[in-house]
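Printed here is protein-v9.cif (mmCIF, C-alpha atoms):
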```
data_run
#
loop_
_atom_site.label_atom_id
_atom_site.label_comp_id
_atom_site.auth_asym_id
_atom_site.auth_seq_id
_atom_site.Cartn_x
_atom_site.Cartn_y
_atom_site.Cartn_z
CA MET P 1472 8.66 168.64 67.08
CA HIS P 1473 7.55 165.50 65.28
CA CYS P 1474 9.45 164.23 62.26
CA ALA P 1475 6.43 164.85 60.00
CA ASP P 1476 6.41 168.49 61.07
CA ALA P 1477 10.14 168.74 60.52
CA SER P 1478 9.71 167.35 57.01
CA GLN P 1479 7.12 170.02 56.19
CA LEU P 1480 9.39 172.65 57.71
CA MET P 1481 12.17 171.69 55.29
CA ASP P 1482 10.02 172.71 52.31
CA GLU P 1483 9.07 175.98 53.97
CA ILE P 1484 12.72 176.79 54.56
CA LEU P 1485 13.61 176.04 50.94
CA ASP P 1486 10.88 178.41 49.80
CA ARG P 1487 11.75 181.07 52.38
CA PRO P 1488 15.48 180.69 53.02
CA ALA P 1489 15.75 184.03 54.82
CA ASN P 1490 13.53 182.90 57.68
CA SER P 1491 16.02 182.24 60.47
CA GLU P 1492 13.35 181.21 63.00
CA LEU P 1493 12.29 178.29 60.85
CA GLN P 1494 15.89 177.27 60.31
CA ALA P 1495 16.61 177.37 64.02
CA ALA P 1496 13.57 175.23 64.75
CA LEU P 1497 14.63 172.64 62.19
CA LEU P 1498 18.24 172.60 63.38
CA ALA P 1499 17.05 171.97 66.92
CA HIS P 1500 15.17 168.91 65.70
CA THR P 1501 17.82 167.54 63.34
CA ALA P 1502 20.45 167.82 66.06
CA ASP P 1503 18.72 164.94 67.84
CA CYS P 1504 17.16 163.09 64.87
CA ALA P 1505 19.52 161.32 62.48
CA ALA P 1506 16.75 160.38 60.03
CA CYS P 1507 15.58 163.96 59.63
CA ARG P 1508 19.18 165.15 59.42
CA ALA P 1509 19.81 162.77 56.51
CA GLU P 1510 16.55 163.82 54.86
CA TRP P 1511 17.41 167.48 55.22
CA LEU P 1512 20.85 166.99 53.66
CA ALA P 1513 19.36 165.12 50.71
CA ILE P 1514 16.58 167.65 50.20
CA GLN P 1515 19.09 170.49 50.20
CA GLN P 1516 21.13 168.63 47.61
CA VAL P 1517 18.05 168.28 45.39
CA ASP P 1518 17.28 171.96 45.82
CA ARG P 1519 20.80 173.02 44.85
CA LEU P 1520 20.87 170.73 41.85
CA LEU P 1521 17.55 171.99 40.50
CA ALA P 1522 18.38 175.61 41.20
CA THR P 1523 21.59 175.40 39.20
CA ALA P 1524 20.13 173.57 36.21
CA PRO P 1525 21.09 175.28 32.96
CA LEU P 1526 18.68 176.76 30.43
CA VAL P 1527 18.35 175.25 26.96
CA SER P 1528 17.95 177.18 23.72
CA PRO P 1529 15.31 176.51 21.06
CA PRO P 1530 16.42 175.74 17.47
CA SER P 1531 17.73 178.80 15.64
CA ASN P 1532 14.93 178.75 13.03
CA PHE P 1533 12.16 178.16 15.54
CA THR P 1534 10.17 181.34 14.86
CA THR P 1535 10.24 180.78 11.10
CA LYS P 1536 8.93 177.24 11.53
CA VAL P 1537 6.11 178.35 13.80
CA MET P 1538 5.06 181.13 11.43
CA ALA P 1539 5.10 178.74 8.45
CA HIS P 1540 2.52 176.60 10.24
CA LEU P 1541 0.15 179.41 11.18
CA PRO P 1542 -3.30 179.14 9.61
CA ARG P 1543 -3.76 181.68 6.82
CA ARG P 1544 -7.05 182.95 8.05
CA ARG P 1545 -7.47 185.48 10.79
CA PRO P 1546 -8.35 184.61 14.36
CA ALA P 1547 -12.10 184.33 14.83
CA ARG P 1548 -13.94 187.63 15.12
CA ASN P 1549 -17.17 188.30 16.91
CA LEU P 1550 -19.90 186.69 14.85
CA TRP P 1551 -22.56 189.18 15.86
CA ALA P 1552 -20.50 192.09 14.53
CA GLY P 1553 -20.01 190.37 11.20
CA ALA P 1554 -23.68 189.47 10.91
CA LEU P 1555 -24.77 193.00 11.79
CA ALA P 1556 -22.40 194.51 9.25
CA LEU P 1557 -23.54 192.07 6.59
CA PHE P 1558 -27.22 192.81 7.20
CA ALA P 1559 -26.77 196.58 7.32
CA GLY P 1560 -24.56 196.60 4.25
CA THR P 1561 -26.94 194.48 2.21
CA SER P 1562 -29.99 196.46 3.22
CA PHE P 1563 -28.15 199.67 2.40
CA LEU P 1564 -27.40 198.40 -1.09
CA LEU P 1565 -31.10 197.59 -1.53
CA LEU P 1566 -31.97 201.10 -0.41
CA VAL P 1567 -29.54 202.53 -2.95
CA ALA P 1568 -31.16 200.40 -5.64
CA VAL P 1569 -34.61 201.72 -4.75
CA MET P 1570 -33.41 205.31 -4.74
CA ALA P 1571 -31.75 204.79 -8.10
CA GLY P 1572 -35.08 203.57 -9.42
CA VAL P 1573 -36.74 206.70 -8.09
CA GLY P 1574 -34.13 208.82 -9.85
CA LEU P 1575 -34.72 207.03 -13.12
CA SER P 1576 -38.42 207.56 -12.69
CA SER P 1577 -37.91 211.31 -12.74
CA MET P 1578 -35.76 211.01 -15.88
CA ALA P 1579 -38.17 208.73 -17.67
CA GLY P 1580 -40.18 211.65 -18.99
CA LEU P 1581 -37.21 212.73 -21.09
CA ILE P 1582 -37.62 209.66 -23.28
CA ASP P 1583 -40.82 210.34 -25.13
CA MET P 1584 -40.11 209.71 -28.81
CA PRO P 1585 -38.84 206.57 -30.54
CA GLY P 1586 -35.98 207.71 -32.78
CA SER P 1587 -34.70 206.09 -35.90
CA GLY P 1588 -32.84 203.46 -33.89
CA GLY P 1589 -34.97 203.81 -30.88
CA ALA P 1590 -37.17 200.72 -30.84
CA MET P 1591 -34.85 198.89 -28.44
CA LEU P 1592 -34.32 202.04 -26.39
CA LEU P 1593 -38.06 202.42 -26.09
CA GLN P 1594 -38.46 198.86 -24.82
CA LEU P 1595 -35.63 199.36 -22.36
CA SER P 1596 -37.00 202.66 -21.14
CA SER P 1597 -40.43 201.12 -20.68
CA ALA P 1598 -38.96 198.40 -18.49
CA LEU P 1599 -37.01 200.96 -16.49
CA ILE P 1600 -40.11 203.09 -16.07
CA ARG P 1601 -42.09 200.15 -14.71
CA TRP P 1602 -39.27 199.35 -12.28
CA ALA P 1603 -38.97 202.99 -11.29
CA GLU P 1604 -42.70 203.28 -10.69
CA ALA P 1605 -42.53 200.30 -8.36
CA GLY P 1606 -39.62 201.95 -6.54
CA TRP P 1607 -41.54 205.21 -6.28
CA GLU P 1608 -44.49 203.37 -4.76
CA ILE P 1609 -42.19 201.72 -2.20
CA ARG P 1610 -40.74 205.14 -1.35
CA ARG P 1611 -44.22 206.56 -0.82
CA VAL P 1612 -45.24 203.71 1.49
CA VAL P 1613 -41.99 203.91 3.46
CA LEU P 1614 -42.27 207.68 3.93
CA SER P 1615 -45.85 207.35 5.11
CA LEU P 1616 -44.86 204.81 7.76
CA ILE P 1617 -41.42 206.02 8.92
CA PRO P 1618 -40.38 209.62 9.69
CA SER P 1619 -37.72 210.98 7.36
CA GLY P 1620 -35.39 211.68 10.35
CA VAL P 1621 -35.34 207.99 11.23
CA ILE P 1622 -34.53 207.10 7.64
CA ALA P 1623 -31.66 209.62 7.61
CA LEU P 1624 -30.27 208.12 10.82
CA TYR P 1625 -30.59 204.63 9.36
CA ALA P 1626 -28.73 205.75 6.26
CA LEU P 1627 -25.91 207.13 8.42
CA VAL P 1628 -25.63 203.91 10.45
CA SER P 1629 -25.72 201.91 7.25
CA LEU P 1630 -22.85 203.91 5.80
CA VAL P 1631 -20.72 203.04 8.82
CA ALA P 1632 -21.81 199.42 8.70
CA ILE P 1633 -21.07 199.06 5.02
CA GLY P 1634 -17.58 200.32 5.74
CA MET P 1635 -17.16 197.53 8.28
CA TRP P 1636 -18.61 195.09 5.81
CA LEU P 1637 -16.22 196.07 3.05
CA GLY P 1638 -13.35 195.87 5.55
CA LEU P 1639 -14.43 192.35 6.49
CA VAL P 1640 -14.58 191.31 2.83
CA ALA P 1641 -11.14 192.81 2.20
CA GLY P 1642 -9.80 190.98 5.25
CA VAL P 1643 -11.15 187.64 4.04
CA GLN P 1644 -9.66 188.23 0.60
CA GLY P 1645 -6.31 189.12 2.16
CA ALA P 1646 -6.43 186.06 4.38
CA LEU P 1647 -7.01 183.81 1.38
CA GLN P 1648 -3.79 184.98 -0.20
CA PRO P 1649 -0.55 183.15 0.73
CA ALA P 1650 0.91 184.38 3.99
CA ASP P 1651 3.95 186.58 3.52
CA MET P 1652 5.95 185.80 6.59
CA HIS P 1653 9.49 186.66 7.40
CA ASP P 1654 11.50 185.91 10.49
CA PRO P 1655 11.64 189.24 12.35
CA MET Z 258 1.26 200.58 26.80
CA ASN Z 259 4.31 198.30 26.53
CA ALA Z 260 5.57 196.53 23.43
CA GLU Z 261 4.12 193.19 24.48
CA HIS Z 262 0.60 194.60 24.84
CA THR Z 263 0.89 196.29 21.46
CA TRP Z 264 1.97 193.04 19.81
CA ILE Z 265 -0.89 191.14 21.44
CA VAL Z 266 -3.51 193.65 20.27
CA GLN Z 267 -2.07 193.68 16.75
CA ALA Z 268 -1.90 189.88 16.64
CA GLN Z 269 -5.52 189.67 17.81
CA ARG Z 270 -6.40 191.78 14.76
CA GLY Z 271 -4.67 189.25 12.52
CA ASP Z 272 -1.21 190.83 12.26
CA GLN Z 273 1.08 187.82 11.89
CA GLN Z 274 4.23 189.92 12.06
CA ALA Z 275 3.19 191.07 15.54
CA PHE Z 276 2.58 187.45 16.52
CA ALA Z 277 6.05 186.58 15.21
CA LYS Z 278 7.48 189.08 17.70
CA LEU Z 279 5.61 187.35 20.52
CA VAL Z 280 7.03 184.00 19.37
CA GLU Z 281 10.52 185.50 19.27
CA ALA Z 282 10.13 186.92 22.78
CA TYR Z 283 8.67 183.80 24.40
CA GLN Z 284 10.28 180.94 22.50
CA GLY Z 285 12.92 180.48 25.20
CA PRO Z 286 10.60 180.11 28.19
CA VAL Z 287 8.13 177.93 26.28
CA TYR Z 288 10.84 175.70 24.82
CA ASN Z 289 12.56 175.31 28.20
CA LEU Z 290 9.34 174.22 29.85
CA ALA Z 291 8.64 171.73 27.07
CA TYR Z 292 12.20 170.41 27.22
CA ARG Z 293 12.12 169.89 30.98
CA MET Z 294 8.72 168.23 30.78
CA LEU Z 295 9.30 165.96 27.78
CA GLY Z 296 13.01 165.33 28.18
CA ASN Z 297 14.36 165.63 24.64
CA ALA Z 298 14.96 168.32 22.02
CA ASP Z 299 12.71 167.00 19.23
CA ASP Z 300 9.62 166.58 21.38
CA ALA Z 301 10.30 169.93 23.03
CA ALA Z 302 10.46 171.74 19.68
CA ASP Z 303 7.21 170.10 18.54
CA ALA Z 304 5.49 170.94 21.81
CA ALA Z 305 6.69 174.54 21.78
CA GLN Z 306 5.49 174.97 18.20
CA GLU Z 307 2.10 173.46 19.03
CA THR Z 308 1.85 175.79 22.03
CA PHE Z 309 2.24 178.87 19.83
CA LEU Z 310 -0.19 177.56 17.22
CA ARG Z 311 -2.79 176.97 19.92
CA ALA Z 312 -2.11 180.39 21.40
CA TYR Z 313 -2.66 181.99 17.99
CA ALA Z 314 -5.90 180.08 17.47
CA HIS Z 315 -7.23 181.20 20.86
CA LEU Z 316 -5.74 184.67 20.97
CA ALA Z 317 -9.20 186.26 20.88
CA SER Z 318 -10.02 184.61 24.22
CA TYR Z 319 -6.87 185.90 25.97
CA ASP Z 320 -7.75 188.00 29.01
CA PRO Z 321 -5.41 191.04 29.18
CA LYS Z 322 -5.79 191.10 32.98
CA ARG Z 323 -3.75 187.92 33.06
CA LYS Z 324 0.01 187.79 32.43
CA PHE Z 325 0.63 186.74 28.86
CA SER Z 326 3.60 184.62 29.93
CA SER Z 327 1.46 182.70 32.42
CA TRP Z 328 -1.27 182.19 29.82
CA LEU Z 329 1.26 180.90 27.30
CA LEU Z 330 3.02 178.61 29.77
CA THR Z 331 -0.34 177.23 30.89
CA ILE Z 332 -1.03 176.18 27.30
CA ALA Z 333 2.42 174.62 27.10
CA SER Z 334 1.94 172.83 30.43
CA ASN Z 335 -1.39 171.34 29.41
CA TYR Z 336 0.01 170.14 26.11
CA CYS Z 337 3.07 168.54 27.74
CA ILE Z 338 0.97 166.82 30.41
CA ASP Z 339 -1.25 165.39 27.67
CA GLN Z 340 1.77 164.16 25.75
CA LEU Z 341 3.26 162.50 28.81
CA ARG Z 342 -0.01 160.76 29.62
CA ARG Z 343 -0.23 159.49 26.06
CA ARG Z 344 3.16 157.88 26.38
CA ARG Z 345 1.45 155.49 28.80
CA ILE Z 346 4.51 155.13 30.94
CA ASN Z 347 3.92 153.28 34.15
CA TRP Z 348 5.40 155.75 36.59
CA VAL Z 349 5.13 153.30 39.45
CA SER Z 350 7.67 151.10 37.69
CA VAL Z 351 10.36 153.55 38.76
CA GLU Z 352 10.09 152.17 42.25
CA GLU Z 353 10.72 148.66 41.01
CA LEU Z 354 14.20 149.42 39.70
CA PRO Z 355 17.23 150.79 41.51
CA PRO Z 356 17.26 154.53 40.72
CA TRP Z 357 20.71 154.48 39.12
CA GLU Z 358 19.55 151.79 36.66
CA THR Z 359 16.62 153.95 35.69
CA LEU Z 360 18.92 156.90 35.21
CA GLN Z 361 21.37 155.04 33.03
CA ALA Z 362 18.75 153.19 30.99
CA ARG Z 363 18.55 155.82 28.28
CA THR Z 364 21.59 157.10 26.46
CA PRO Z 365 21.23 160.70 25.23
CA ASP Z 366 21.79 161.36 21.54
CA PRO Z 367 24.83 163.46 20.48
CA GLU Z 368 22.74 166.60 19.94
CA GLU Z 369 21.40 166.46 23.46
CA SER Z 370 24.86 165.83 24.82
CA ALA Z 371 26.11 168.89 23.00
CA ILE Z 372 23.66 171.21 24.70
CA ARG Z 373 23.85 169.70 28.14
CA GLY Z 374 26.68 168.98 30.48
CA SER Z 375 26.86 165.81 32.52
CA ASN Z 376 25.32 167.59 35.49
CA ALA Z 377 22.45 168.86 33.36
CA ASN Z 378 21.96 165.38 31.98
CA GLU Z 379 21.59 163.98 35.46
CA ILE Z 380 19.03 166.63 36.29
CA GLN Z 381 16.94 165.81 33.26
CA GLU Z 382 17.10 162.08 33.88
CA MET Z 383 16.03 162.70 37.45
CA LEU Z 384 13.11 164.82 36.30
CA ASN Z 385 12.08 162.06 33.92
CA THR Z 386 11.48 159.76 36.88
CA LEU Z 387 8.76 162.03 38.28
CA PRO Z 388 5.06 161.68 37.44
CA PRO Z 389 3.87 164.45 35.07
CA ASP Z 390 2.05 166.52 37.70
CA TYR Z 391 5.02 166.46 40.07
CA ARG Z 392 7.43 167.28 37.27
CA LEU Z 393 5.36 170.28 36.21
CA ALA Z 394 5.26 171.65 39.77
CA VAL Z 395 9.04 171.30 40.05
CA VAL Z 396 9.71 172.97 36.69
CA LEU Z 397 7.38 175.91 37.34
CA ARG Z 398 8.85 176.41 40.80
CA TYR Z 399 12.56 176.07 40.04
CA TRP Z 400 12.93 177.30 36.48
CA TYR Z 401 10.27 180.01 36.52
CA ASP Z 402 10.18 180.94 40.21
CA TYR Z 403 6.39 180.86 40.28
CA SER Z 404 4.70 180.98 43.68
CA TYR Z 405 2.46 178.21 44.95
CA GLN Z 406 -0.53 180.40 44.17
CA ASP Z 407 0.62 180.96 40.59
CA ILE Z 408 1.30 177.27 40.03
CA ALA Z 409 -2.10 176.36 41.47
CA ALA Z 410 -3.80 178.80 39.09
CA MET Z 411 -1.81 177.57 36.09
CA THR Z 412 -2.45 173.90 36.81
CA ASN Z 413 -6.10 174.34 37.80
CA SER Z 414 -5.26 173.01 41.23
CA THR Z 415 -5.06 174.16 44.85
CA VAL Z 416 -2.17 175.60 46.84
CA SER Z 417 -2.20 172.63 49.20
CA ALA Z 418 -2.07 170.22 46.26
CA VAL Z 419 0.91 172.09 44.81
CA LYS Z 420 2.69 172.03 48.16
CA SER Z 421 2.06 168.33 48.42
CA ARG Z 422 3.37 167.64 44.90
CA LEU Z 423 6.54 169.62 45.51
CA HIS Z 424 7.07 167.96 48.89
CA ARG Z 425 6.74 164.47 47.40
CA ALA Z 426 8.75 165.35 44.31
CA ARG Z 427 11.66 166.56 46.43
CA ARG Z 428 11.63 163.32 48.44
CA MET Z 429 11.48 161.20 45.31
CA LEU Z 430 14.40 163.11 43.82
CA ALA Z 431 16.28 162.86 47.11
CA GLU Z 432 15.93 159.08 46.99
CA VAL Z 433 17.29 159.07 43.47
CA ILE Z 434 20.22 161.29 44.38
CA THR Z 435 21.21 159.34 47.47
CA ALA Z 436 21.13 156.14 45.42
CA MET Z 437 23.25 157.55 42.61
CA PRO Z 438 26.78 156.07 42.58
CA TYR Z 439 28.18 159.39 41.36
CA ARG Z 440 26.42 161.66 43.82
CA GLU Z 441 29.70 162.88 45.23
CA ARG Z 442 30.13 164.90 42.02
CA HIS Z 443 27.65 167.49 43.26
CA GLU Z 444 29.69 170.33 44.62
CA PRO Z 445 28.57 172.45 47.58
CA PRO Z 446 26.90 175.68 46.52
CA ASP Z 447 28.61 179.00 46.10
CA THR Z 448 27.72 180.80 49.32
CA GLU Z 449 27.62 184.19 47.58
CA ASN Z 450 25.10 183.07 44.97
CA PRO Z 451 23.67 179.66 45.81
CA TYR Z 452 20.90 179.77 43.17
CA PRO Z 453 22.32 181.40 40.03
CA GLN Z 454 19.69 179.99 37.65
CA LYS Z 455 16.63 180.31 39.84
CA GLY Z 456 14.02 182.39 38.11
CA ALA Z 457 16.33 183.13 35.19
CA LEU Z 458 13.54 182.56 32.69
CA MET Z 459 11.26 184.95 34.50
CA GLN Z 460 13.99 187.59 34.42
CA CYS Z 461 14.17 186.99 30.68
CA ILE Z 462 10.42 187.64 30.41
CA VAL Z 463 10.55 190.73 32.61
CA GLN Z 464 13.22 192.26 30.39
CA MET Z 465 10.74 192.72 27.53
CA PRO Z 466 11.43 195.92 25.59
CA ALA Z 467 9.11 198.85 26.27
CA SER Z 468 7.61 200.70 23.32
#
```
Any chance you could give the structure as structure tokens?
Amino acid sequence: MHCADASQLMDEILDRPANSELQAALLAHTADCAACRAEWLAIQQVDRLLATAPLVSPPSNFTTKVMAHLPRRRPARNLWAGALALFAGTSFLLLVAVMAGVGLSSMAGLIDMPGSGGAMLLQLSSALIRWAEAGWEIRRVVLSLIPSGVIALYALVSLVAIGMWLGLVAGVQGALQPADMHDP
Amino acid sequence: MNAEHTWIVQAQRGDQQAFAKLVEAYQGPVYNLAYRMLGNADDAADAAQETFLRAYAHLASYDPKRKFSSWLLTIASNYCIDQLRRRRINWVSVEELPPWETLQARTPDPEESAIRGSNANEIQEMLNTLPPDYRLAVVLRYWYDYSYQDIAAMTNSTVSAVKSRLHRARRMLAEVITAMPYRERHEPPDTENPYPQKGALMQCIVQMPAS
């Protein structure tokens, strides 16, 4: 065995101390090689010293310090999920606005006479009627282009999405408040 | 599902209390690695804190297939290596001085002396003479009992490179030890338990409470 091989063998023995074949091979070499014998003794000394090194303890208030430095916002979420929820939620609110206009359109007929204090009410109702008529026209066009089943499905998906959206908004609001951290 | 996995999932959802439990559980291993790499208590505390802040910032990218401890210690390792390289120490200069002069050049402060015995102090001073990459291989092998494969994965290296670093590191440390005037203080090992501390930190990690 060459000395270079013996040197490599020393590391293998340190990593696999139970391997008696490797140890026997090294001992056979070091018996005749003073340089490798000295190297082996020194390497064993290093190994023992490192293996018996003590552990050190972190400062007692370490966790509290770390938590005090945490950013107050949440870890990043998936952007696509946030964008989808925002789009669906906003479009759902628009849909609700249109439907509300349609509802008002059906009620507009109830306001037919200006009362004693009704001049302002009449103006307001006229504006609402014009808005409602526009909403009714949109509804008619939408229904002529898209089957009602698809619209119902969209409404259901939008309800779920708006829930996500509101949850996201609540999360952002919560994250903006000062962090309430305690050492566990 | 164990407690650690639960804490990770909750922390990924923004639960800071759950993240605090992860900090509590892993502060020892992370701090020990930072201490052995950087060599003093103040730098180790800063590095350990920065490790957890980085882990929190990148928690969404944590792959659950990987061991959380390995992921965390990889962050700590990278940070410590960066810090050591920024110190701009000329590692080659170690060879220009007698090893015992290098060892005695820095006097530990009282706080460090309080937490370390003379033997521990020698170990740390010896570690400080190693280049950062060698030192990291030694720390991960001896204090955490990681395999060559694990160390290679954590250091973005190869098994042969890790073997080479450990081989050279042991020889460098052997030169330091044989040159130390007080080397006779090292007692022969207890034959019943020659390596009482080996892998102690990993045992600490393994003993995580189950939910």
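What the PyMOL selection byres ((chain P and resi 1623-1637) around 6) grabs from this file is Ala1556, Leu1557, Ala1559, Gly1560, Phe1563, Gly1620, Val1621, Ile1622, Gly1638, Leu1639 and Val1640 of chain P.
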Take the residues just selected and output them with C-alpha atoms as a compact mmCIF listing (two decimals), in the coordinates of the input.
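The resulting file, result18.txt, is reproduced below:
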```txt
# COMPACT_ATOMS: atom_id res chain seq x y z
CA ALA P 1556 -22.40 194.51 9.25
CA LEU P 1557 -23.54 192.07 6.59
CA ALA P 1559 -26.77 196.58 7.32
CA GLY P 1560 -24.56 196.60 4.25
CA PHE P 1563 -28.15 199.67 2.40
CA GLY P 1620 -35.39 211.68 10.35
CA VAL P 1621 -35.34 207.99 11.23
CA ILE P 1622 -34.53 207.10 7.64
CA GLY P 1638 -13.35 195.87 5.55
CA LEU P 1639 -14.43 192.35 6.49
CA VAL P 1640 -14.58 191.31 2.83
```
Neighbouring residues of Ile408 of chain Z were defined as those with any atom within 12 Å, considering all atoms listed in the file; residues of the same chain fewer than 5 positions away were excluded. Please report them as a PDB file with C-alpha atoms, in the frame of the given file.
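Everything below was put into selection-v5.pdb:
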```
ATOM      1  CA  SER Z 327       1.460 182.700  32.420  1.00  0.00           C
ATOM      2  CA  TRP Z 328      -1.270 182.190  29.820  1.00  0.00           C
ATOM      3  CA  LEU Z 330       3.020 178.610  29.770  1.00  0.00           C
ATOM      4  CA  THR Z 331      -0.340 177.230  30.890  1.00  0.00           C
ATOM      5  CA  SER Z 334       1.940 172.830  30.430  1.00  0.00           C
ATOM      6  CA  ASP Z 390       2.050 166.520  37.700  1.00  0.00           C
ATOM      7  CA  TYR Z 391       5.020 166.460  40.070  1.00  0.00           C
ATOM      8  CA  LEU Z 393       5.360 170.280  36.210  1.00  0.00           C
ATOM      9  CA  ALA Z 394       5.260 171.650  39.770  1.00  0.00           C
ATOM     10  CA  VAL Z 395       9.040 171.300  40.050  1.00  0.00           C
ATOM     11  CA  VAL Z 396       9.710 172.970  36.690  1.00  0.00           C
ATOM     12  CA  LEU Z 397       7.380 175.910  37.340  1.00  0.00           C
ATOM     13  CA  ARG Z 398       8.850 176.410  40.800  1.00  0.00           C
ATOM     14  CA  TYR Z 399      12.560 176.070  40.040  1.00  0.00           C
ATOM     15  CA  TYR Z 401      10.270 180.010  36.520  1.00  0.00           C
ATOM     16  CA  ASP Z 402      10.180 180.940  40.210  1.00  0.00           C
ATOM     17  CA  TYR Z 403       6.390 180.860  40.280  1.00  0.00           C
ATOM     18  CA  ASN Z 413      -6.100 174.340  37.800  1.00  0.00           C
ATOM     19  CA  SER Z 414      -5.260 173.010  41.230  1.00  0.00           C
ATOM     20  CA  THR Z 415      -5.060 174.160  44.850  1.00  0.00           C
ATOM     21  CA  VAL Z 416      -2.170 175.600  46.840  1.00  0.00           C
ATOM     22  CA  SER Z 417      -2.200 172.630  49.200  1.00  0.00           C
ATOM     23  CA  ALA Z 418      -2.070 170.220  46.260  1.00  0.00           C
ATOM     24  CA  VAL Z 419       0.910 172.090  44.810  1.00  0.00           C
ATOM     25  CA  LYS Z 420       2.690 172.030  48.160  1.00  0.00           C
ATOM     26  CA  ARG Z 422       3.370 167.640  44.900  1.00  0.00           C
ATOM     27  CA  LEU Z 423       6.540 169.620  45.510  1.00  0.00           C
TER      28      LEU Z 423
END
```
* Using all atoms listed in the file, find the one residue out of Z:His262, Z:Lys324, Z:Arg344, Z:Arg425 that sits nearest to chain P. => Z:Arg425
* Structure fact -> Using only C-alpha atoms, the shortest atom-to-atom distance to chain Z among P:Val1612, P:Leu1599, P:Leu1526, P:Ala1590 belongs to P:Leu1526
Translate the PyMOL selection byres ((chain P and resi 1486) around 12), as applied to the file shown, into an explicit residue set as a PDB file with C-alpha atoms, in the coordinates of the input.
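Written out: selection_22.pdb:
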```pdb
ATOM      1  CA  GLN P1479       7.120 170.020  56.190  1.00  0.00           C
ATOM      2  CA  LEU P1480       9.390 172.650  57.710  1.00  0.00           C
ATOM      3  CA  MET P1481      12.170 171.690  55.290  1.00  0.00           C
ATOM      4  CA  ASP P1482      10.020 172.710  52.310  1.00  0.00           C
ATOM      5  CA  GLU P1483       9.070 175.980  53.970  1.00  0.00           C
ATOM      6  CA  ILE P1484      12.720 176.790  54.560  1.00  0.00           C
ATOM      7  CA  LEU P1485      13.610 176.040  50.940  1.00  0.00           C
ATOM      8  CA  ARG P1487      11.750 181.070  52.380  1.00  0.00           C
ATOM      9  CA  PRO P1488      15.480 180.690  53.020  1.00  0.00           C
ATOM     10  CA  ALA P1489      15.750 184.030  54.820  1.00  0.00           C
ATOM     11  CA  ASN P1490      13.530 182.900  57.680  1.00  0.00           C
ATOM     12  CA  LEU P1493      12.290 178.290  60.850  1.00  0.00           C
ATOM     13  CA  GLN P1494      15.890 177.270  60.310  1.00  0.00           C
ATOM     14  CA  GLN P1515      19.090 170.490  50.200  1.00  0.00           C
ATOM     15  CA  ASP P1518      17.280 171.960  45.820  1.00  0.00           C
ATOM     16  CA  ALA P1522      18.380 175.610  41.200  1.00  0.00           C
TER      17      ALA P1522
ATOM     18  CA  ARG Z 398       8.850 176.410  40.800  1.00  0.00           C
ATOM     19  CA  TYR Z 399      12.560 176.070  40.040  1.00  0.00           C
ATOM     20  CA  ASP Z 402      10.180 180.940  40.210  1.00  0.00           C
ATOM     21  CA  TYR Z 403       6.390 180.860  40.280  1.00  0.00           C
ATOM     22  CA  SER Z 404       4.700 180.980  43.680  1.00  0.00           C
ATOM     23  CA  TYR Z 405       2.460 178.210  44.950  1.00  0.00           C
ATOM     24  CA  LYS Z 420       2.690 172.030  48.160  1.00  0.00           C
ATOM     25  CA  LEU Z 423       6.540 169.620  45.510  1.00  0.00           C
ATOM     26  CA  HIS Z 424       7.070 167.960  48.890  1.00  0.00           C
ATOM     27  CA  LYS Z 455      16.630 180.310  39.840  1.00  0.00           C
TER      28      LYS Z 455
END
```
* To do: Convert the output of the PyMOL selection byres ((chain Z and resi 267) around 12) on the shown file into explicit residues, formatted as a list in words.
  =>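 Here the PyMOL selection byres ((chain Z and resi 267) around 12) matches Arg1545 and Pro1546 of chain P; Ala260, Glu261, His262, Thr263, Trp264, Ile265, Val266, Ala268, Gln269, Arg270, Gly271, Asp272, Gln273, Gln274, Ala275, Phe276, Ala277, Lys278, Leu279, Tyr313, Leu316 and Ala317 of chain Z.
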Any chance you could export the current selection's C-alpha atoms as a short mmCIF file (atom, residue, chain, number, x, y, z; two decimals), in the frame of the given file?
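Result file follows (part_9.cif):
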```
data_model
loop_
_atom_site.label_atom_id
_atom_site.label_comp_id
_atom_site.auth_asym_id
_atom_site.auth_seq_id
_atom_site.Cartn_x
_atom_site.Cartn_y
_atom_site.Cartn_z
CA ARG P 1545 -7.47 185.48 10.79
CA PRO P 1546 -8.35 184.61 14.36
CA ALA Z 260 5.57 196.53 23.43
CA GLU Z 261 4.12 193.19 24.48
CA HIS Z 262 0.60 194.60 24.84
CA THR Z 263 0.89 196.29 21.46
CA TRP Z 264 1.97 193.04 19.81
CA ILE Z 265 -0.89 191.14 21.44
CA VAL Z 266 -3.51 193.65 20.27
CA ALA Z 268 -1.90 189.88 16.64
CA GLN Z 269 -5.52 189.67 17.81
CA ARG Z 270 -6.40 191.78 14.76
CA GLY Z 271 -4.67 189.25 12.52
CA ASP Z 272 -1.21 190.83 12.26
CA GLN Z 273 1.08 187.82 11.89
CA GLN Z 274 4.23 189.92 12.06
CA ALA Z 275 3.19 191.07 15.54
CA PHE Z 276 2.58 187.45 16.52
CA ALA Z 277 6.05 186.58 15.21
CA LYS Z 278 7.48 189.08 17.70
CA LEU Z 279 5.61 187.35 20.52
CA TYR Z 313 -2.66 181.99 17.99
CA LEU Z 316 -5.74 184.67 20.97
CA ALA Z 317 -9.20 186.26 20.88
#
```
* To one decimal in Å, tell me the separation between atom CA of Ala1496 of chain P and atom CA of Met1472 of chain P. =>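 Going from atom CA of Ala1496 of chain P over to atom CA of Met1472 of chain P covers 8.5 Å.
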* Asked: With distances taken over all atoms listed in the file, which of Z:Leu387, Z:Leu295, Z:Leu290, Z:Ala333 is nearest to chain P?
  ->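 Of all the options, Z:Leu290 lies closest to chain P.
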